[in-house]
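Asker: Could you have a look at this structure, given as structure tokens, before my questions?
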Amino acid sequence: MKLLTHNMLTSHVRGVRPGGGFPLRIQATEVKVSNVEFNPRFVARMIPKVEWRALVEAAESLGHLSNLPHELPPEYENNDDFLRKVHHVLLEVEVMEGVLKCPDSGREFPITKGIPNMLLSKEET
Amino acid sequence: MIEIQTQMSERAVELLGLPDDQPCFLLDVGCGSGLSGDYISEEGHHWVGMDISSAMLDVAVEREVEGDLILADIGHGIPFRPGTFDGCVSISAVQWLCNADQKTHSPPKRLYRFFSTLYSALARGSRAVLQLYPENSEQLELITAQAMRAGFTGGVVVDYPNSAKAKKFFLCLFVGGGGPLPKALGAECTDGEESQQARFTKERTRFRNVQGKSVKKSRDWVLEKKERRRRQGKEVRADTRYTGRRRRPRF
């Protein structure tokens, strides 16, 4: 699971307040770093959608912050250096094994082979 | 089978009407082993796939697909923040929401949960294109009604409506406005995908009739019909050496 996906994922357990299921806290036991082709336009388009603080928090918890600033710089569209850093954190860092924890309900979603298991029981839907 | 899946994926992405040369972030509902996802990657987009079968997702992992995979039941909702995706495609998956067993929620409830959360997870101005095999027109109406209830506009595009073999249903849903429904393929030809040119072949007419279809009730016809029903996701007995065998005159 890439950090881009993690930044968009919420808990959909019944009873969770709107927005209460985000961001899922990551407890990772295995992280993989890969090489993904850099596309500056894609990264620049995704940045407005990304929850910046949650991204920094997640990257930090995995030990892959890679000099990412804690605050989003105002002019980033043409800042190649910055876009590359964001690209690395969003698309090249993957959680392979671990657990995602819903901040509101405490419910845990395991991650195996990079796949988060978001299946809910009957009581949770 | 793989060829058809890829064709349907191409058509679904085409119907998404994404801007040219712009890499997007898409959702693949019922991604399975990642066949449609591979096509999406080829087109330069990033994607997230959801499927209820861990066996299928394992195959996708083995095939080293580029998208992220999520093990989930779409009837429980699409667990993403509002406006996450630039589009959504689905190949042969949504009709399964109508197959909920007695113990779980009713199909309309599951359908509504799916569509309402999908609507929220899509960016304004984007589309969801869902290829499906509806069991009958009532089922198609049920599915479409729940989609409209959830806020989508749009409708059903039927490619090759006159060809039993090539006919495909695409539910094209718009998030906010959307404009006219895309044009279906093969709607002008009365023969559907079969061309209007004469087919010259040395095959004896005994096994094929003029329209290129197998003679009704022959073994070929039975096998083709069973294959068609399998593609539609229906339960079909396995083919054996007794399939379509000649019965005694009493039949």
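Chains: A, B, ... in order of the structure tokens. Residues: from 1 per chain. Ligands: from 1, in order shown.
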Residues of range 2-71 of chain A that have any atom at most 12 Å from an atom of range 41-50 of chain B: could you tabulate them with the shortest-distance atom pair and the distance in Å to one decimal, using only C-alpha atoms, ordered by chain and increasing number, as a tab-separated table?
Answerer:
residue	atom	partner	partner_atom	distance
A:Lys2	CA	B:Val48	CA	9.8
A:Leu3	CA	B:Val48	CA	11.9
A:Leu4	CA	B:Val48	CA	10.0
A:Thr5	CA	B:Val48	CA	7.4
A:His6	CA	B:Val48	CA	10.7
A:Met8	CA	B:Val48	CA	10.5
A:Leu9	CA	B:Val48	CA	10.6
A:Val36	CA	B:His46	CA	10.9
A:Glu37	CA	B:Gly44	CA	10.3
A:Phe38	CA	B:Gly44	CA	11.4
A:Asn39	CA	B:Gly44	CA	9.7
A:Arg41	CA	B:His45	CA	11.6
A:Phe42	CA	B:His45	CA	8.8
A:Val43	CA	B:His46	CA	10.9
A:Met46	CA	B:His46	CA	10.9
Asker: Could you give me, as a Markdown table, every chain B residue with an atom at most 8 Å from chain A, plus its closest atom pair and distance in Å to one decimal, counting only C-alpha atoms, rows ordered by chain then number?
Answerer:
| residue | atom | partner | partner_atom | distance |
| --- | --- | --- | --- | --- |
| B:Gln22 | CA | A:Phe42 | CA | 7.6 |
| B:Pro23 | CA | A:Phe42 | CA | 5.7 |
| B:Cys24 | CA | A:Phe42 | CA | 7.0 |
| B:Val48 | CA | A:Thr5 | CA | 7.4 |
| B:Ile52 | CA | A:Leu119 | CA | 8.0 |
| B:Val61 | CA | A:Lys113 | CA | 7.9 |
| B:Asp68 | CA | A:Met1 | CA | 5.6 |
| B:Leu69 | CA | A:Ile115 | CA | 5.5 |
| B:Ile70 | CA | A:Ile115 | CA | 5.4 |
| B:Leu71 | CA | A:Asn117 | CA | 4.8 |
| B:Ala72 | CA | A:Leu119 | CA | 4.7 |
| B:Asp73 | CA | A:Leu119 | CA | 6.0 |
| B:His76 | CA | A:Thr125 | CA | 6.2 |
| B:Gly77 | CA | A:His12 | CA | 7.0 |
| B:Ile78 | CA | A:His12 | CA | 7.7 |
| B:Pro79 | CA | A:Thr10 | CA | 5.2 |
| B:Phe80 | CA | A:Leu9 | CA | 4.6 |
| B:Arg81 | CA | A:Met8 | CA | 5.4 |
| B:Gly83 | CA | A:Lys49 | CA | 7.9 |
| B:Thr84 | CA | A:Met8 | CA | 6.4 |
| B:Thr104 | CA | A:Lys122 | CA | 7.3 |
Asker: Using N, CA and C atoms, can you export the residues from the last selection as a PDB file, in the first residue's frame?
Answerer:
ATOM      1  N   GLN B  22      -3.268  13.385 -19.615  1.00  0.00           N
ATOM      2  CA  GLN B  22      -3.183  13.790 -18.217  1.00  0.00           C
ATOM      3  C   GLN B  22      -3.273  12.548 -17.350  1.00  0.00           C
ATOM      4  N   PRO B  23      -2.212  12.244 -16.595  1.00  0.00           N
ATOM      5  CA  PRO B  23      -2.274  11.061 -15.742  1.00  0.00           C
ATOM      6  C   PRO B  23      -3.264  11.282 -14.599  1.00  0.00           C
ATOM      7  N   CYS B  24      -4.174  10.325 -14.412  1.00  0.00           N
ATOM      8  CA  CYS B  24      -5.220  10.480 -13.407  1.00  0.00           C
ATOM      9  C   CYS B  24      -5.123   9.412 -12.323  1.00  0.00           C
ATOM     10  N   VAL B  48      -6.228   2.438  -7.842  1.00  0.00           N
ATOM     11  CA  VAL B  48      -6.414   1.600  -6.659  1.00  0.00           C
ATOM     12  C   VAL B  48      -7.501   0.601  -7.014  1.00  0.00           C
ATOM     13  N   ILE B  52     -13.262  -8.472  -3.428  1.00  0.00           N
ATOM     14  CA  ILE B  52     -13.647  -9.222  -2.232  1.00  0.00           C
ATOM     15  C   ILE B  52     -12.902 -10.552  -2.140  1.00  0.00           C
ATOM     16  N   VAL B  61      -1.052  -9.704  -7.165  1.00  0.00           N
ATOM     17  CA  VAL B  61       0.251  -9.434  -6.556  1.00  0.00           C
ATOM     18  C   VAL B  61       1.347 -10.184  -7.309  1.00  0.00           C
ATOM     19  N   ASP B  68      -2.443  -0.133  -6.323  1.00  0.00           N
ATOM     20  CA  ASP B  68      -2.589  -0.620  -4.962  1.00  0.00           C
ATOM     21  C   ASP B  68      -3.870  -1.441  -4.866  1.00  0.00           C
ATOM     22  N   LEU B  69      -3.818  -2.509  -4.063  1.00  0.00           N
ATOM     23  CA  LEU B  69      -4.969  -3.407  -3.986  1.00  0.00           C
ATOM     24  C   LEU B  69      -5.563  -3.359  -2.583  1.00  0.00           C
ATOM     25  N   ILE B  70      -6.884  -3.453  -2.513  1.00  0.00           N
ATOM     26  CA  ILE B  70      -7.561  -3.440  -1.225  1.00  0.00           C
ATOM     27  C   ILE B  70      -8.543  -4.596  -1.174  1.00  0.00           C
ATOM     28  N   LEU B  71      -8.465  -5.371  -0.079  1.00  0.00           N
ATOM     29  CA  LEU B  71      -9.408  -6.474   0.109  1.00  0.00           C
ATOM     30  C   LEU B  71     -10.630  -5.884   0.805  1.00  0.00           C
ATOM     31  N   ALA B  72     -11.746  -5.822   0.091  1.00  0.00           N
ATOM     32  CA  ALA B  72     -12.922  -5.175   0.681  1.00  0.00           C
ATOM     33  C   ALA B  72     -14.193  -5.624  -0.011  1.00  0.00           C
ATOM     34  N   ASP B  73     -15.324  -5.423   0.668  1.00  0.00           N
ATOM     35  CA  ASP B  73     -16.644  -5.707   0.112  1.00  0.00           C
ATOM     36  C   ASP B  73     -17.257  -4.370  -0.285  1.00  0.00           C
ATOM     37  N   HIS B  76     -20.134  -2.704   1.452  1.00  0.00           N
ATOM     38  CA  HIS B  76     -19.948  -2.031   2.739  1.00  0.00           C
ATOM     39  C   HIS B  76     -19.595  -0.567   2.538  1.00  0.00           C
ATOM     40  N   GLY B  77     -19.336  -0.184   1.298  1.00  0.00           N
ATOM     41  CA  GLY B  77     -18.991   1.200   1.027  1.00  0.00           C
ATOM     42  C   GLY B  77     -17.586   1.331   0.466  1.00  0.00           C
ATOM     43  N   ILE B  78     -17.297   2.496  -0.075  1.00  0.00           N
ATOM     44  CA  ILE B  78     -15.982   2.792  -0.666  1.00  0.00           C
ATOM     45  C   ILE B  78     -15.236   3.650   0.352  1.00  0.00           C
ATOM     46  N   PRO B  79     -14.235   3.100   1.016  1.00  0.00           N
ATOM     47  CA  PRO B  79     -13.643   3.773   2.189  1.00  0.00           C
ATOM     48  C   PRO B  79     -12.598   4.838   1.853  1.00  0.00           C
ATOM     49  N   PHE B  80     -13.008   5.841   1.089  1.00  0.00           N
ATOM     50  CA  PHE B  80     -12.050   6.892   0.714  1.00  0.00           C
ATOM     51  C   PHE B  80     -12.607   8.268   1.001  1.00  0.00           C
ATOM     52  N   ARG B  81     -11.685   9.233   1.155  1.00  0.00           N
ATOM     53  CA  ARG B  81     -12.079  10.605   1.446  1.00  0.00           C
ATOM     54  C   ARG B  81     -12.822  11.205   0.259  1.00  0.00           C
ATOM     55  N   GLY B  83     -13.920  13.163  -2.923  1.00  0.00           N
ATOM     56  CA  GLY B  83     -13.191  13.746  -4.047  1.00  0.00           C
ATOM     57  C   GLY B  83     -11.842  13.107  -4.349  1.00  0.00           C
ATOM     58  N   THR B  84     -11.600  11.908  -3.854  1.00  0.00           N
ATOM     59  CA  THR B  84     -10.299  11.260  -4.053  1.00  0.00           C
ATOM     60  C   THR B  84      -9.987  10.940  -5.511  1.00  0.00           C
ATOM     61  N   THR B 104     -27.320 -11.230   5.057  1.00  0.00           N
ATOM     62  CA  THR B 104     -26.774  -9.867   5.029  1.00  0.00           C
ATOM     63  C   THR B 104     -27.855  -8.863   4.621  1.00  0.00           C
TER      64      THR B 104
END
Asker: Among range 21-245 of chain B, which ones does DSSP place in helix (DSSP H, G or I), written as number ranges by chain?
Answerer: B: 35-42, 54-62, 74-76, 94-99, 107-121, 137-149, 219-231
Asker: In Å, how far is it from CA of Ile91 in chain B to CA of Gln131 in chain B?
Answerer: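 Computing the Euclidean distance for CA of Ile91 in chain B and CA of Gln131 in chain B yields 4.9 Å.
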Asker: Can you list, as a short mmCIF file (atom, residue, chain, number, x, y, z; two decimals) with N, CA, C and O atoms, in the first residue's frame, every protein, DNA or RNA residue that comes within 8 Å of range 244-250 of chain B when you count only C-alpha atoms, leaving out same-chain residues fewer than 4 positions away?
Answerer:
data_model
loop_
_atom_site.label_atom_id
_atom_site.label_comp_id
_atom_site.auth_asym_id
_atom_site.auth_seq_id
_atom_site.Cartn_x
_atom_site.Cartn_y
_atom_site.Cartn_z
N LYS B 217 -29.53 -25.78 -31.44
CA LYS B 217 -29.62 -27.09 -30.78
C LYS B 217 -28.47 -28.03 -31.09
O LYS B 217 -28.41 -29.10 -30.55
N SER B 218 -27.55 -27.64 -31.97
CA SER B 218 -26.43 -28.54 -32.24
C SER B 218 -25.48 -28.48 -31.04
O SER B 218 -25.59 -27.60 -30.19
N ARG B 219 -24.53 -29.40 -31.00
CA ARG B 219 -23.58 -29.45 -29.87
C ARG B 219 -22.81 -28.14 -29.76
O ARG B 219 -22.61 -27.63 -28.67
N ASP B 220 -22.38 -27.59 -30.92
CA ASP B 220 -21.66 -26.31 -30.92
C ASP B 220 -22.50 -25.22 -30.28
O ASP B 220 -22.02 -24.43 -29.48
N VAL B 222 -24.95 -25.55 -28.15
CA VAL B 222 -25.09 -25.79 -26.71
C VAL B 222 -23.83 -25.30 -25.99
O VAL B 222 -23.89 -24.62 -24.96
N LEU B 223 -22.66 -25.64 -26.53
CA LEU B 223 -21.40 -25.24 -25.89
C LEU B 223 -21.25 -23.72 -25.87
O LEU B 223 -20.83 -23.14 -24.88
#
Asker: List every residue of range 106-164 of chain B that has an atom at most 10 Å from any atom of range 14-19 of chain B, giving for each one its closest atom pair and the distance in Å to one decimal, counting only C-alpha atoms, sorted by chain and then by ascending residue number, as a Markdown table.
Answerer:
| residue | atom | partner | partner_atom | distance |
| --- | --- | --- | --- | --- |
| B:Ser126 | CA | B:Leu16 | CA | 7.9 |
| B:Arg127 | CA | B:Leu16 | CA | 5.9 |
| B:Ala128 | CA | B:Leu16 | CA | 6.9 |
| B:Val129 | CA | B:Leu16 | CA | 6.3 |
| B:Leu130 | CA | B:Leu15 | CA | 9.8 |
| B:Val157 | CA | B:Leu15 | CA | 9.4 |
Asker: Closest to Glu75 in chain A among A:Ser61, A:Gly106, A:Leu55, A:Ile47, using only C-alpha atoms?
Answerer: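 Closest residue, counting only C-alpha atoms: A:Ile47.
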